[in-house]
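Before any comments, here is the structure.
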Amino acid sequence: MTRTNPQNEDEIVSEESVLLDQIAQKVDAAERLSAAEAEFLFQPGVDVHEVGRLADRARRRRLGNVAYYNVNAHLNPTNVCIYRCRLCAYSRDADDADAYVMPDEDVVARAREAAAAGATELHVVGGLHPDKGFDWYLGLVRLLHDACPEVHIKAFTAVEIARFAELARQPVGKVLEQLIEAGLGSLPGGGAEILDPHVRAEICPHKADGRAWLDVHRTAHRLGLRSNATMLYGHVETLEQRVDHLLQLRRLQDETGGFQAFVPLCFHPEGTRLAHLAKTSPVDDLRTVAVSRLFLDNFDHVKAYWITLGIGIAQTALAYGADDLDGTVRYEEIHHRAGSDSPEALSVAQLRRLIGEAGFQPVERDTLYRRVER
Ligand code: SF4
């Protein structure tokens with residue numbers, strides 16, 4: 001991508017439209033965008049609606065007119081965490097008044113309740129408790145799988161898996177094999193934040209680094225597990241660091257093909273030690289969804305996760321390249337603690353209405369994006 005040195009505002013505008021035209025031609029020819037082109041699309045001056053229209057074209061070419069949702073529930077077994085990341089409003093020290101560890105019977109009851117409500121998936125993530133070994137986390141998966149064998153268990157971020165490997169003094173692959181044997185079905189995409197080490201040093205200095213995050217997913221894919229990838233944006237990162245994050249995900253996907261969905265997560269500063277930062281704007285949220293769709297040309301799915309985006313932006317994001325609203329999401333704690341004001345759960349009827357109103361055909365999927373017929 002070549003840039004001249006524009007002399008005035010008109011020249012800048014016309015240079016932008018030339019670049020947008022070039023990118024549009026590449027999108028229509030299904031050619032891969034460069035990192036420089038993604039950075040250009042992230043610039044606040046570039047027409048976000050035009051970027052959205054391009055993303056919508058790319059998304060319709062891949063998936064047609066359908067948009068997905070699932071019926072799921074979250075389970076956060078403990079909020080006690082050794083890492084206490086600056087970005088986190090959810091974690092507590094073990095002696096804090098509102099620290100908790102769910103007893104086994106509550107874990108089982110929660111899973112049975114979710115299954116009875118029609119959930120096809122349990123999304124299980126939480127803190128890394130200083131007194132709990134790998135066996136406790138492994139036992140949770142076994143407990144859930146034994147209680148509800150028909151429900152897919154999507155559990156533990158790569159940060160948790162990396163810590164289990166440390167605790168068990170075993171390679172990541174061995175840890176994953178035991179979890180699979182206990183009933184693990186796939187990995188969620190959390191803990192990626194921004195992979196750049198300088199950003200991690202500011203927002204989450206103690207947990208697994210970017211390389212370890214990628215290695216866990218690489219190993220999981222090698223073992224046949226599918227996983228998702230997230231990007232927590234809108235805090236201290238630069239646009240270049242955002243694009244570099246996407247680039248690293250795209251490279252790993254070229255290598256393994258094991259990612260199912262990319263989930264952009266806007267940062268909610270409230271309740272964190274980064275509370276002085278401003279929230280992301282709706283335009284930034286929509287632009288991030290759209291650029292992700294355009295740049296991650298080897299990911300089938302981009303989620304508009306309504307819990308973090310809010311229902312209005314998530315619904316709008318379906319026209320900006322997203323194809324999945326995620327699920328009914330009962331019992332989500334992590335983002336609500338950080339000030340997300342979206343409701344506790346949505347019904348299937350609400351999700352279907354949101355998708356239909358946006359002009360798409362709602363399709364219920366399971367965790368592996370197979371259609372669910374009820
Ligand atoms: S973000 Fe995750 S790893 Fe960091 S403190 Fe919160 S729960 Fe722990």
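Chain labels A, B, ... are given in the sequence in which chains occur in the structure tokens; within each chain residues are numbered consecutively from 1, and ligands are likewise numbered from 1 in the order shown.
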
Contacts with ligand 1 at most 9 Å, only C-alpha atoms and all ligand atoms counted, listed as a short mmCIF file (atom, residue, chain, number, x, y, z; two decimals) with N, CA and C atoms, in the first residue's frame:
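Printed below is result16.cif as written:
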```
data_model
loop_
_atom_site.label_atom_id
_atom_site.label_comp_id
_atom_site.auth_asym_id
_atom_site.auth_seq_id
_atom_site.Cartn_x
_atom_site.Cartn_y
_atom_site.Cartn_z
N THR A 78 -14.93 -20.51 40.50
CA THR A 78 -14.37 -19.70 41.59
C THR A 78 -13.94 -18.34 41.05
N ASN A 79 -14.06 -17.34 41.89
CA ASN A 79 -13.56 -16.01 41.47
C ASN A 79 -12.23 -15.69 42.15
N VAL A 80 -11.67 -16.67 42.85
CA VAL A 80 -10.36 -16.44 43.49
C VAL A 80 -9.28 -16.72 42.47
N CYS A 81 -8.36 -15.77 42.32
CA CYS A 81 -7.34 -15.94 41.28
C CYS A 81 -6.00 -15.39 41.73
N ILE A 82 -4.98 -16.17 41.50
CA ILE A 82 -3.63 -15.75 41.89
C ILE A 82 -3.12 -14.58 41.06
N TYR A 83 -3.67 -14.37 39.88
CA TYR A 83 -3.05 -13.41 38.97
C TYR A 83 -3.48 -11.96 39.20
N ARG A 84 -4.72 -11.77 39.58
CA ARG A 84 -5.25 -10.41 39.86
C ARG A 84 -4.86 -9.40 38.77
N CYS A 85 -5.17 -9.76 37.54
CA CYS A 85 -4.82 -8.89 36.40
C CYS A 85 -5.46 -7.51 36.57
N ARG A 86 -4.79 -6.50 36.09
CA ARG A 86 -5.30 -5.13 36.22
C ARG A 86 -6.58 -4.94 35.41
N LEU A 87 -6.76 -5.77 34.38
CA LEU A 87 -7.94 -5.63 33.53
C LEU A 87 -9.18 -6.28 34.13
N CYS A 88 -9.04 -6.96 35.27
CA CYS A 88 -10.08 -7.89 35.72
C CYS A 88 -10.91 -7.30 36.86
N ALA A 89 -12.22 -7.27 36.68
CA ALA A 89 -13.11 -6.80 37.74
C ALA A 89 -13.72 -7.99 38.49
N TYR A 90 -13.42 -9.16 38.04
CA TYR A 90 -14.10 -10.36 38.54
C TYR A 90 -13.33 -11.04 39.67
N SER A 91 -12.00 -11.05 39.57
CA SER A 91 -11.22 -11.89 40.49
C SER A 91 -11.14 -11.28 41.90
N ARG A 92 -10.90 -12.15 42.87
CA ARG A 92 -10.78 -11.76 44.27
C ARG A 92 -9.62 -12.51 44.90
N VAL A 125 -15.28 -21.11 32.80
CA VAL A 125 -14.01 -20.41 33.00
C VAL A 125 -14.05 -19.75 34.36
N GLY A 126 -12.89 -19.43 34.91
CA GLY A 126 -12.90 -18.77 36.22
C GLY A 126 -11.50 -18.44 36.66
N GLY A 127 -11.34 -18.31 37.98
CA GLY A 127 -10.07 -17.92 38.55
C GLY A 127 -9.15 -19.11 38.77
N LEU A 128 -7.89 -18.80 39.02
CA LEU A 128 -6.92 -19.85 39.36
C LEU A 128 -6.64 -19.76 40.85
N HIS A 129 -7.33 -20.61 41.58
CA HIS A 129 -7.34 -20.56 43.05
C HIS A 129 -6.00 -21.07 43.59
N THR A 157 -9.74 -21.34 29.67
CA THR A 157 -8.95 -20.54 28.73
C THR A 157 -7.54 -21.11 28.65
N VAL A 159 -4.96 -19.59 29.34
CA VAL A 159 -4.25 -19.16 30.55
C VAL A 159 -4.43 -20.20 31.66
N GLU A 160 -5.66 -20.69 31.80
CA GLU A 160 -5.91 -21.72 32.82
C GLU A 160 -5.16 -23.01 32.47
N GLY A 190 -10.78 -17.18 25.60
CA GLY A 190 -10.39 -16.10 26.51
C GLY A 190 -8.92 -16.10 26.88
N GLY A 191 -8.50 -15.02 27.51
CA GLY A 191 -7.14 -14.91 28.00
C GLY A 191 -6.16 -14.39 26.98
N GLU A 193 -6.41 -11.51 25.37
CA GLU A 193 -6.32 -10.05 25.57
C GLU A 193 -5.72 -9.43 24.31
N ILE A 203 -1.41 -4.75 31.48
CA ILE A 203 -2.79 -5.12 31.87
C ILE A 203 -2.89 -6.48 32.56
N CYS A 204 -1.94 -7.37 32.33
CA CYS A 204 -2.02 -8.71 32.93
C CYS A 204 -0.61 -9.30 33.00
N HIS A 206 1.18 -11.11 34.99
CA HIS A 206 1.61 -12.35 35.64
C HIS A 206 1.16 -13.62 34.94
N LYS A 207 0.09 -13.53 34.18
CA LYS A 207 -0.42 -14.79 33.62
C LYS A 207 0.33 -15.18 32.35
N ALA A 208 -0.07 -16.31 31.78
CA ALA A 208 0.60 -16.85 30.58
C ALA A 208 0.79 -15.75 29.54
N ILE A 334 -18.47 -12.68 34.68
CA ILE A 334 -17.18 -12.01 34.52
C ILE A 334 -17.36 -10.60 33.92
#
```

Filtered DSSP result for range 27-182 of chain A, state strand (DSSP E or B), as a list of chain:residue names: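 Everything in range 27-182 of chain A that counts as strand (DSSP E or B) is A:Val66, A:Ala67, A:Tyr68, A:Tyr69, A:Asn70, A:Asn72, A:Ala73, A:His74, A:Leu75, A:Thr78, A:Val80, A:Arg92, A:Val101, A:Glu121, A:Leu122, A:His123, A:Val124, A:His152, A:Ile153, A:Lys154, A:Ala155.
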
Spatial neighbours of His123 in chain A, 6 Å, only C-alpha atoms, chain gap at least 2 places, as a ChimeraX atom specification: /A:74,154-155

May I have the selected residues written with N, CA and C atoms, as a CSV table (one decimal), in the first residue's frame?
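Output file result_30.csv follows:
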```
chain,number,residue,atom,x,y,z
A,74,HIS,N,-23.3,-20.3,31.5
A,74,HIS,CA,-21.9,-20.2,32.0
A,74,HIS,C,-21.8,-20.7,33.4
A,154,LYS,N,-17.3,-26.7,27.1
A,154,LYS,CA,-16.3,-25.8,26.5
A,154,LYS,C,-15.6,-25.1,27.8
A,155,ALA,N,-14.4,-25.6,28.1
A,155,ALA,CA,-13.9,-25.2,29.4
A,155,ALA,C,-12.5,-24.7,29.3
```

Polymer residues at most 8 Å from range 48-50 of chain A, only C-alpha atoms, same-chain spacing of 5 or more positions, as a VMD selection string: chain A and resid 283 286 to 287 320

Distance query Ser34 in chain A at most 10 Å, only C-alpha atoms, self and fewer than 4 positions along chain excluded, as a PyMOL selection string: chain A and resi 1+23+38-40+243+247+295

Writer output for current selection, N, CA and C atoms, as a compact mmCIF listing (two decimals), in the first residue's frame:
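The resulting again34.txt:
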```
# COMPACT_ATOMS: atom_id res chain seq x y z
N MET A 1 0.85 -1.18 0.00
CA MET A 1 0.00 0.00 0.00
C MET A 1 0.89 1.24 0.00
N ILE A 23 -8.88 -1.65 -1.55
CA ILE A 23 -9.20 -2.71 -0.59
C ILE A 23 -10.51 -3.41 -1.01
N ALA A 38 -5.22 -3.36 7.05
CA ALA A 38 -6.08 -3.46 8.24
C ALA A 38 -5.90 -2.24 9.13
N GLU A 39 -4.66 -1.80 9.28
CA GLU A 39 -4.40 -0.60 10.11
C GLU A 39 -5.09 0.62 9.51
N PHE A 40 -5.06 0.71 8.20
CA PHE A 40 -5.75 1.82 7.53
C PHE A 40 -7.25 1.77 7.84
N VAL A 243 -3.73 -4.92 15.29
CA VAL A 243 -3.55 -5.62 14.00
C VAL A 243 -2.53 -6.75 14.17
N LEU A 247 -3.00 -10.60 13.29
CA LEU A 247 -2.06 -11.26 12.39
C LEU A 247 -1.55 -12.58 13.00
N PHE A 295 -10.00 -9.03 7.82
CA PHE A 295 -8.58 -9.43 7.94
C PHE A 295 -8.44 -10.93 8.22
```

Shell around range 115-118 of chain A at 9 Å using only C-alpha atoms, local window under 2 positions removed, as a VMD selection string: chain A and resid 71 to 73 110 to 113 120 to 122 148 150 to 151

Pick from A:Lys303, A:Arg242, A:Arg163, A:Arg251 nearest to Ala36 in chain A, counting only C-alpha atoms: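 Among the listed residues, A:Arg242 lies closest to Ala36 in chain A.
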
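Residue nearest Arg53 in chain A, chosen from A:Arg32, A:Arg142, A:Lys174, A:Arg293 and counting only C-alpha atoms: A:Arg293.
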
Long-range neighbours of range 178-180 of chain A as a ChimeraX atom specification, 12 Å cut-off, only C-alpha atoms, 4 positions minimum in chain: /A:134-145,152-156,161,164-165,168,170-174,184-187,220,223-226

Go ahead and write the residues just picked, C-alpha atoms, as a short mmCIF file (atom, residue, chain, number, x, y, z; two decimals), in the first residue's frame.
```cif
data_model
loop_
_atom_site.label_atom_id
_atom_site.label_comp_id
_atom_site.auth_asym_id
_atom_site.auth_seq_id
_atom_site.Cartn_x
_atom_site.Cartn_y
_atom_site.Cartn_z
CA PHE A 134 -5.07 -29.47 38.57
CA ASP A 135 -7.02 -32.42 40.01
CA TRP A 136 -9.75 -30.08 41.26
CA TYR A 137 -10.26 -28.55 37.82
CA LEU A 138 -10.05 -31.95 36.14
CA GLY A 139 -12.61 -33.24 38.64
CA LEU A 140 -14.99 -30.40 37.72
CA VAL A 141 -15.02 -31.49 34.09
CA ARG A 142 -15.63 -35.10 35.10
CA LEU A 143 -18.43 -34.03 37.45
CA LEU A 144 -20.14 -31.96 34.77
CA HIS A 145 -19.75 -34.61 32.10
CA HIS A 152 -20.86 -29.98 25.40
CA ILE A 153 -18.26 -28.75 27.87
CA LYS A 154 -16.29 -25.80 26.54
CA ALA A 155 -13.91 -25.15 29.39
CA PHE A 156 -10.79 -23.30 30.51
CA ILE A 161 -4.55 -24.65 30.79
CA PHE A 164 -2.61 -26.47 35.02
CA ALA A 165 0.51 -27.63 33.16
CA ALA A 168 0.75 -30.75 37.33
CA GLN A 170 3.23 -31.95 32.85
CA PRO A 171 3.32 -30.79 29.23
CA VAL A 172 0.24 -28.95 27.95
CA GLY A 173 -0.61 -31.85 25.65
CA LYS A 174 -0.74 -34.30 28.54
CA LEU A 184 -13.80 -31.66 27.71
CA GLY A 185 -15.26 -30.85 24.28
CA SER A 186 -13.49 -27.64 23.21
CA LEU A 187 -11.64 -24.57 24.46
CA ALA A 220 -5.27 -28.32 21.39
CA LEU A 223 -5.19 -33.12 19.56
CA GLY A 224 -8.38 -32.51 17.57
CA LEU A 225 -9.97 -29.95 19.87
CA ARG A 226 -11.60 -26.91 18.29
#
```

For Arg352 in chain A, the nearest of the candidates A:Leu41, A:Val302, A:Leu246, A:Ala67, counting only C-alpha atoms: A:Ala67

Nearest candidate to Arg57 in chain A (options A:Leu294, A:Glu357, A:Gln248, A:Val348; using only C-alpha atoms):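 Under the stated criterion, the closest residue is A:Leu294.
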
Residue with smallest distance to Val263 in chain A - pool A:Arg365, A:His301, A:Arg250, A:Arg61, counting only C-alpha atoms: A:His301
